[in-house]
Amino acid sequence: MRQRNPFVTGAAIAVYLFLYIPLVVVAIFSFNDSRLNAEWVGFTLKWYRQLAANDAMLQAAANSLIIAGCAAVMAGVLGTFAGVALHRFRQKWLTALVLGPVAMPDILIGVSLLLTFMLMNISLGMVSIILAHVSFCIGFVALSVQSRMAGMDDSLLEAARDLGATPWQSFRLVTLPLLAPGIIAGMMMAFTLSIDDFVVTFFTAGVGSSTLPLEIYSMVKIAVTPEVNAVSTLLMLVTLILITALSRFSPQSLRS
C-alpha cells in the first residue's frame with residue numbers, strides 16, 4: 001500500500017482551505033442578524049425572506065434560468081455534432097475552431113460579440129445573451145461528447161451498417177443512445193457556466209434583461225449586505241449541486 005506524502009497532503013489541505021473558506025464565510029454571514037458584515041450578531045433568516053420579496057432579484061433569477069436553459073439545449077445540439085466531428089475527422093484546425101471560445105478570455109468574447117450584434121443590427125436583450133452563451137458553451141459540450149466517443153466501440157457502428165442501417169439510423173439508434181450520458185453532462189456543464197456568467201453577459205445584455213450575476217453586481221456596488229450574501233449562497237449551492245451531479249453522472253466529462 002502506497003504511503004501518503006505528508007507534504008502533498010498538507011499542501012492539498014491548504015489549497016482547499018484557501019478555495020473554500022471565503023465561500024463558507026459568505027454562507028455563514030448570510031444568516032447574520034446585522035447589516036454589517038464586521039461581526040456576528042445572531043442567527044436570522046430575514047435576509048432570505050427579503051430576498052424572496054425582492055421582485056427585481058426574482059425577475060433576474062427567472063431570466064438567468066431561461067437563458068441557461070435555452071443555452072444548454074442549443075449548445076447540447078450543436079456541441080454534439082461538433083464533438084462527433086472532432087472525433088471522426090481529427091483535424092487540428094477543426095479542434096481550434098470548436099475549442100477556441102473555451103480558451104479565449106471572457107472579455108474578448110464579450111467585446112467581439114457586442115461588435116457583431118451591433119454590425120448585424122441585433123438588439124441587445126435576452127436573445128443576444130442566449131446567443132452569446134451558446135457561443136462559449138458549445139466547446140464544453142463538444143469536449144464532453146468527444147471524450148464519450150473516445151470510449152465507444154466502433155465495431156457497434158460497423159455492425160449496424162452491416163445489418164443495413166443507414167448513416168442516420170446508425171447515428172440515431174446506436175451512436176446517440178451511447179452518447180446520451182456525455183450529452184447530458186455537457187448540457188449540465190453549459191447550464192452551470194451560463195447561469196453564473198457575468199463578463200460576457202455584461203457586454204451583451206440590454207435594458208430590462210438583467211440576470212442574477214448582473215443584479216448581484218449592482219447590489220455589491222452599493223454595499224455587501226447580508227442579502228447579497230444570501231443570494232450568493234443560493235447561487236453557490238445551485239452550482240455545487242450541478243457540479244456534484246455532473247461528477248457522478250459522467251466523471252470523464254470533468255476529466256476531459
# chains A, B, ... in the order shown; residues from 1 in each chain; ligands from 1

call {"tool": "residues_around", "arguments": {"residues": "Ile216 of chain A", "least_positions_apart": "2", "cutoff": "12 Å", "atoms": "only C-alpha atoms", "output": "MDAnalysis selection string"}}
result
chainID A and resid 51 56:58 60:61 196:198 210:214 218:235

call {"tool": "residues_around", "arguments": {"residues": "Ser194 of chain A", "least_positions_apart": "3", "cutoff": "8 Å", "atoms": "only C-alpha atoms", "output": "CSV table (one decimal) with N, CA and C atoms, in the first residue's frame"}}
result
chain,number,residue,atom,x,y,z
A,64,SER,N,-32.1,34.4,-15.7
A,64,SER,CA,-30.9,33.5,-15.7
A,64,SER,C,-31.3,32.1,-16.0
A,67,ILE,N,-32.3,31.8,-19.7
A,67,ILE,CA,-31.1,31.9,-20.6
A,67,ILE,C,-30.3,30.7,-20.5
A,68,ALA,N,-30.0,30.2,-19.2
A,68,ALA,CA,-29.2,29.0,-19.0
A,68,ALA,C,-29.9,27.8,-19.7
A,71,ALA,N,-29.6,28.1,-23.5
A,71,ALA,CA,-28.2,28.0,-23.9
A,71,ALA,C,-27.8,26.5,-23.8
A,72,ALA,N,-28.2,25.8,-22.7
A,72,ALA,CA,-27.9,24.4,-22.5
A,72,ALA,C,-28.4,23.5,-23.6
A,133,HIS,N,-24.1,33.1,-24.9
A,133,HIS,CA,-23.8,32.0,-24.0
A,133,HIS,C,-23.7,30.7,-24.8
A,137,CYS,N,-20.5,27.9,-24.8
A,137,CYS,CA,-20.9,26.7,-24.2
A,137,CYS,C,-20.7,25.5,-25.1
A,190,ALA,N,-22.9,23.3,-19.4
A,190,ALA,CA,-23.3,24.5,-20.1
A,190,ALA,C,-24.2,25.3,-19.2
A,191,PHE,N,-25.2,24.6,-18.6
A,191,PHE,CA,-26.2,25.3,-17.7
A,191,PHE,C,-25.5,26.0,-16.6
A,197,ASP,N,-22.5,33.3,-15.4
A,197,ASP,CA,-21.6,34.1,-16.2
A,197,ASP,C,-21.9,35.6,-16.0

call {"tool": "residues_around", "arguments": {"residues": "Ile183 of chain A", "least_positions_apart": "2", "cutoff": "9 Å", "atoms": "only C-alpha atoms", "output": "ChimeraX atom specification"}}
result
/A:76-77,79-80,141-142,144-145,148,176,179-181,185-188

call {"tool": "write_last_selection", "arguments": {"atoms": "all heavy atoms", "output": "mmCIF file, in the first residue's frame"}}
result
data_model
loop_
_atom_site.group_PDB
_atom_site.id
_atom_site.type_symbol
_atom_site.label_atom_id
_atom_site.label_comp_id
_atom_site.auth_asym_id
_atom_site.auth_seq_id
_atom_site.Cartn_x
_atom_site.Cartn_y
_atom_site.Cartn_z
ATOM 1 N N GLY A 76 -26.221 21.945 -26.437
ATOM 2 C CA GLY A 76 -26.241 20.484 -26.436
ATOM 3 C C GLY A 76 -26.382 19.923 -27.841
ATOM 4 O O GLY A 76 -25.690 18.963 -28.209
ATOM 5 N N VAL A 77 -27.263 20.530 -28.640
ATOM 6 C CA VAL A 77 -27.466 20.053 -30.018
ATOM 7 C C VAL A 77 -26.231 20.341 -30.872
ATOM 8 O O VAL A 77 -25.674 19.444 -31.527
ATOM 9 C CB VAL A 77 -28.715 20.720 -30.630
ATOM 10 C CG1 VAL A 77 -28.852 20.336 -32.101
ATOM 11 C CG2 VAL A 77 -29.965 20.322 -29.863
ATOM 12 N N GLY A 79 -23.186 21.262 -29.897
ATOM 13 C CA GLY A 79 -21.976 20.670 -29.344
ATOM 14 C C GLY A 79 -21.878 19.184 -29.611
ATOM 15 O O GLY A 79 -20.770 18.644 -29.746
ATOM 16 N N THR A 80 -23.023 18.502 -29.694
ATOM 17 C CA THR A 80 -22.995 17.067 -30.012
ATOM 18 C C THR A 80 -22.433 16.829 -31.396
ATOM 19 O O THR A 80 -21.542 15.981 -31.594
ATOM 20 C CB THR A 80 -24.421 16.483 -29.919
ATOM 21 O OG1 THR A 80 -24.896 16.622 -28.579
ATOM 22 C CG2 THR A 80 -24.427 15.017 -30.316
ATOM 23 N N VAL A 141 -19.583 21.287 -24.357
ATOM 24 C CA VAL A 141 -20.383 20.125 -24.731
ATOM 25 C C VAL A 141 -19.606 19.253 -25.707
ATOM 26 O O VAL A 141 -19.626 18.016 -25.622
ATOM 27 C CB VAL A 141 -21.723 20.567 -25.350
ATOM 28 C CG1 VAL A 141 -22.552 19.350 -25.756
ATOM 29 C CG2 VAL A 141 -22.513 21.425 -24.374
ATOM 30 N N ALA A 142 -18.909 19.888 -26.654
ATOM 31 C CA ALA A 142 -18.121 19.133 -27.630
ATOM 32 C C ALA A 142 -17.033 18.314 -26.940
ATOM 33 O O ALA A 142 -16.774 17.161 -27.319
ATOM 34 C CB ALA A 142 -17.500 20.086 -28.651
ATOM 35 N N SER A 144 -17.157 17.110 -23.886
ATOM 36 C CA SER A 144 -17.819 16.007 -23.198
ATOM 37 C C SER A 144 -18.194 14.898 -24.180
ATOM 38 O O SER A 144 -17.983 13.710 -23.903
ATOM 39 C CB SER A 144 -19.063 16.527 -22.474
ATOM 40 O OG SER A 144 -19.749 15.477 -21.835
ATOM 41 N N VAL A 145 -18.737 15.275 -25.324
ATOM 42 C CA VAL A 145 -19.141 14.282 -26.329
ATOM 43 C C VAL A 145 -17.921 13.595 -26.927
ATOM 44 O O VAL A 145 -17.915 12.372 -27.147
ATOM 45 C CB VAL A 145 -19.990 14.954 -27.423
ATOM 46 C CG1 VAL A 145 -20.265 13.980 -28.573
ATOM 47 C CG2 VAL A 145 -21.301 15.462 -26.844
ATOM 48 N N ARG A 148 -16.624 11.036 -24.610
ATOM 49 C CA ARG A 148 -17.524 9.878 -24.587
ATOM 50 C C ARG A 148 -17.313 9.000 -25.820
ATOM 51 O O ARG A 148 -17.308 7.765 -25.734
ATOM 52 C CB ARG A 148 -18.965 10.380 -24.539
ATOM 53 C CG ARG A 148 -20.012 9.269 -24.437
ATOM 54 C CD ARG A 148 -20.009 8.622 -23.088
ATOM 55 N NE ARG A 148 -20.995 7.560 -23.011
ATOM 56 C CZ ARG A 148 -21.165 6.763 -21.964
ATOM 57 N NH1 ARG A 148 -20.421 6.935 -20.885
ATOM 58 N NH2 ARG A 148 -22.081 5.833 -21.969
ATOM 59 N N LEU A 176 -26.298 7.846 -30.785
ATOM 60 C CA LEU A 176 -26.936 8.816 -29.891
ATOM 61 C C LEU A 176 -27.233 8.241 -28.501
ATOM 62 O O LEU A 176 -26.941 8.903 -27.487
ATOM 63 C CB LEU A 176 -28.208 9.359 -30.538
ATOM 64 C CG LEU A 176 -28.797 10.636 -29.925
ATOM 65 C CD1 LEU A 176 -27.767 11.757 -29.950
ATOM 66 C CD2 LEU A 176 -30.052 11.047 -30.677
ATOM 67 N N LEU A 179 -24.056 8.123 -26.609
ATOM 68 C CA LEU A 179 -23.538 9.459 -26.293
ATOM 69 C C LEU A 179 -24.389 10.199 -25.271
ATOM 70 O O LEU A 179 -23.970 11.253 -24.785
ATOM 71 C CB LEU A 179 -23.452 10.304 -27.568
ATOM 72 C CG LEU A 179 -22.423 9.908 -28.618
ATOM 73 C CD1 LEU A 179 -22.492 10.865 -29.791
ATOM 74 C CD2 LEU A 179 -21.024 9.899 -28.028
ATOM 75 N N ALA A 180 -25.573 9.675 -24.955
ATOM 76 C CA ALA A 180 -26.519 10.392 -24.096
ATOM 77 C C ALA A 180 -25.906 10.849 -22.771
ATOM 78 O O ALA A 180 -26.094 12.002 -22.369
ATOM 79 C CB ALA A 180 -27.756 9.530 -23.855
ATOM 80 N N PRO A 181 -25.162 9.997 -22.040
ATOM 81 C CA PRO A 181 -24.563 10.494 -20.785
ATOM 82 C C PRO A 181 -23.620 11.669 -21.001
ATOM 83 O O PRO A 181 -23.614 12.621 -20.217
ATOM 84 C CB PRO A 181 -23.821 9.260 -20.246
ATOM 85 C CG PRO A 181 -24.518 8.101 -20.856
ATOM 86 C CD PRO A 181 -24.927 8.554 -22.219
ATOM 87 N N ALA A 185 -24.274 15.414 -19.619
ATOM 88 C CA ALA A 185 -23.231 16.010 -18.780
ATOM 89 C C ALA A 185 -22.761 17.341 -19.350
ATOM 90 O O ALA A 185 -22.555 18.311 -18.616
ATOM 91 C CB ALA A 185 -22.061 15.046 -18.644
ATOM 92 N N GLY A 186 -22.589 17.394 -20.665
ATOM 93 C CA GLY A 186 -22.189 18.650 -21.303
ATOM 94 C C GLY A 186 -23.236 19.731 -21.154
ATOM 95 O O GLY A 186 -22.910 20.904 -20.940
ATOM 96 N N MET A 187 -24.513 19.351 -21.260
ATOM 97 C CA MET A 187 -25.587 20.322 -21.088
ATOM 98 C C MET A 187 -25.644 20.828 -19.648
ATOM 99 O O MET A 187 -25.905 22.014 -19.409
ATOM 100 C CB MET A 187 -26.917 19.699 -21.493
ATOM 101 C CG MET A 187 -27.046 19.418 -22.982
ATOM 102 S SD MET A 187 -28.570 18.536 -23.418
ATOM 103 C CE MET A 187 -29.797 19.750 -22.920
ATOM 104 N N MET A 188 -25.392 19.941 -18.694
ATOM 105 C CA MET A 188 -25.350 20.369 -17.296
ATOM 106 C C MET A 188 -24.203 21.340 -17.061
ATOM 107 O O MET A 188 -24.342 22.340 -16.338
ATOM 108 C CB MET A 188 -25.215 19.150 -16.386
ATOM 109 C CG MET A 188 -26.439 18.254 -16.354
ATOM 110 S SD MET A 188 -26.146 16.708 -15.472
ATOM 111 C CE MET A 188 -25.723 17.322 -13.846
#

call {"tool": "closest_residue", "arguments": {"among": "A:Met236, A:Leu108, A:Asn54, A:Lys46", "to": "Val24 of chain A", "atoms": "only C-alpha atoms"}}
result
A:Met236

call {"tool": "select_by_dssp", "arguments": {"residues": "segment 73-213 of chain A", "states": "alpha helix (DSSP H)", "output": "PyMOL selection string"}}
result
chain A and resi 73-89+92-103+106-119+126-150+154-162+167-170+176-195+199-204+212-213

call {"tool": "atom_distance", "arguments": {"atom1": "atom CA of Arg49 of chain A", "atom2": "atom CA of Met189 of chain A"}}
result
29.7 Å

call {"tool": "atom_distance", "arguments": {"atom1": "atom CA of Leu113 of chain A", "atom2": "atom CA of Gly100 of chain A"}}
result
14.2 Å

call {"tool": "residues_around", "arguments": {"residues": "segment 151-167 of chain A", "least_positions_apart": "6", "cutoff": "8 Å", "atoms": "only C-alpha atoms", "output": "mmCIF file with N, CA, C and O atoms, in the first residue's frame"}}
result
data_model
loop_
_atom_site.group_PDB
_atom_site.id
_atom_site.type_symbol
_atom_site.label_atom_id
_atom_site.label_comp_id
_atom_site.auth_asym_id
_atom_site.auth_seq_id
_atom_site.Cartn_x
_atom_site.Cartn_y
_atom_site.Cartn_z
ATOM 1 N N VAL A 174 -27.880 3.949 -32.506
ATOM 2 C CA VAL A 174 -26.694 3.378 -31.860
ATOM 3 C C VAL A 174 -25.831 4.465 -31.216
ATOM 4 O O VAL A 174 -25.570 4.440 -30.002
ATOM 5 N N THR A 175 -25.394 5.420 -32.026
ATOM 6 C CA THR A 175 -24.463 6.434 -31.522
ATOM 7 C C THR A 175 -25.109 7.330 -30.475
ATOM 8 O O THR A 175 -24.537 7.572 -29.399
ATOM 9 N N LEU A 178 -25.627 5.911 -26.950
ATOM 10 C CA LEU A 178 -24.351 5.742 -26.264
ATOM 11 C C LEU A 178 -23.756 7.079 -25.844
ATOM 12 O O LEU A 178 -23.032 7.161 -24.845
#

call {"tool": "atom_distance", "arguments": {"atom1": "atom CA of Ser30 of chain A", "atom2": "atom CA of Ala62 of chain A"}}
result
21.5 Å

call {"tool": "closest_residue", "arguments": {"among": "A:Asn63, A:Asn5, A:Thr192, A:Gln146", "to": "His87 of chain A", "atoms": "only C-alpha atoms"}}
result
A:Gln146

call {"tool": "closest_residue", "arguments": {"among": "A:Ala82, A:Thr9, A:Arg4, A:Phe203", "to": "Met118 of chain A", "atoms": "only C-alpha atoms"}}
result
A:Phe203

call {"tool": "decode", "arguments": {"residues": "segment 123-134 of chain A", "atoms": "N, CA, C and O atoms", "output": "mmCIF file, in the first residue's frame"}}
result
data_model
loop_
_atom_site.group_PDB
_atom_site.id
_atom_site.type_symbol
_atom_site.label_atom_id
_atom_site.label_comp_id
_atom_site.auth_asym_id
_atom_site.auth_seq_id
_atom_site.Cartn_x
_atom_site.Cartn_y
_atom_site.Cartn_z
ATOM 1 N N SER A 123 -30.732 43.652 -31.620
ATOM 2 C CA SER A 123 -30.949 44.396 -30.380
ATOM 3 C C SER A 123 -30.442 43.596 -29.189
ATOM 4 O O SER A 123 -30.627 42.378 -29.121
ATOM 5 N N LEU A 124 -29.813 44.305 -28.267
ATOM 6 C CA LEU A 124 -29.303 43.656 -27.071
ATOM 7 C C LEU A 124 -30.455 43.334 -26.128
ATOM 8 O O LEU A 124 -31.304 44.177 -25.843
ATOM 9 N N GLY A 125 -30.482 42.105 -25.647
ATOM 10 C CA GLY A 125 -31.554 41.655 -24.768
ATOM 11 C C GLY A 125 -31.405 40.169 -24.485
ATOM 12 O O GLY A 125 -30.300 39.620 -24.514
ATOM 13 N N MET A 126 -32.498 39.519 -24.234
ATOM 14 C CA MET A 126 -32.481 38.098 -23.907
ATOM 15 C C MET A 126 -31.912 37.271 -25.057
ATOM 16 O O MET A 126 -31.124 36.343 -24.845
ATOM 17 N N VAL A 127 -32.303 37.601 -26.281
ATOM 18 C CA VAL A 127 -31.836 36.825 -27.443
ATOM 19 C C VAL A 127 -30.332 36.949 -27.601
ATOM 20 O O VAL A 127 -29.631 35.953 -27.841
ATOM 21 N N SER A 128 -29.815 38.150 -27.481
ATOM 22 C CA SER A 128 -28.371 38.347 -27.636
ATOM 23 C C SER A 128 -27.594 37.627 -26.539
ATOM 24 O O SER A 128 -26.522 37.059 -26.789
ATOM 25 N N ILE A 129 -28.131 37.618 -25.319
ATOM 26 C CA ILE A 129 -27.445 36.916 -24.220
ATOM 27 C C ILE A 129 -27.432 35.418 -24.482
ATOM 28 O O ILE A 129 -26.415 34.744 -24.284
ATOM 29 N N ILE A 130 -28.562 34.875 -24.932
ATOM 30 C CA ILE A 130 -28.631 33.432 -25.216
ATOM 31 C C ILE A 130 -27.633 33.049 -26.303
ATOM 32 O O ILE A 130 -26.897 32.063 -26.174
ATOM 33 N N LEU A 131 -27.601 33.830 -27.383
ATOM 34 C CA LEU A 131 -26.658 33.538 -28.463
ATOM 35 C C LEU A 131 -25.217 33.627 -27.971
ATOM 36 O O LEU A 131 -24.367 32.807 -28.360
ATOM 37 N N ALA A 132 -24.943 34.609 -27.125
ATOM 38 C CA ALA A 132 -23.588 34.764 -26.588
ATOM 39 C C ALA A 132 -23.212 33.572 -25.718
ATOM 40 O O ALA A 132 -22.091 33.051 -25.811
ATOM 41 N N HIS A 133 -24.124 33.119 -24.888
ATOM 42 C CA HIS A 133 -23.824 31.991 -24.016
ATOM 43 C C HIS A 133 -23.659 30.699 -24.803
ATOM 44 O O HIS A 133 -22.815 29.856 -24.466
ATOM 45 N N VAL A 134 -24.451 30.537 -25.844
ATOM 46 C CA VAL A 134 -24.301 29.340 -26.683
ATOM 47 C C VAL A 134 -22.911 29.296 -27.305
ATOM 48 O O VAL A 134 -22.299 28.228 -27.411
#
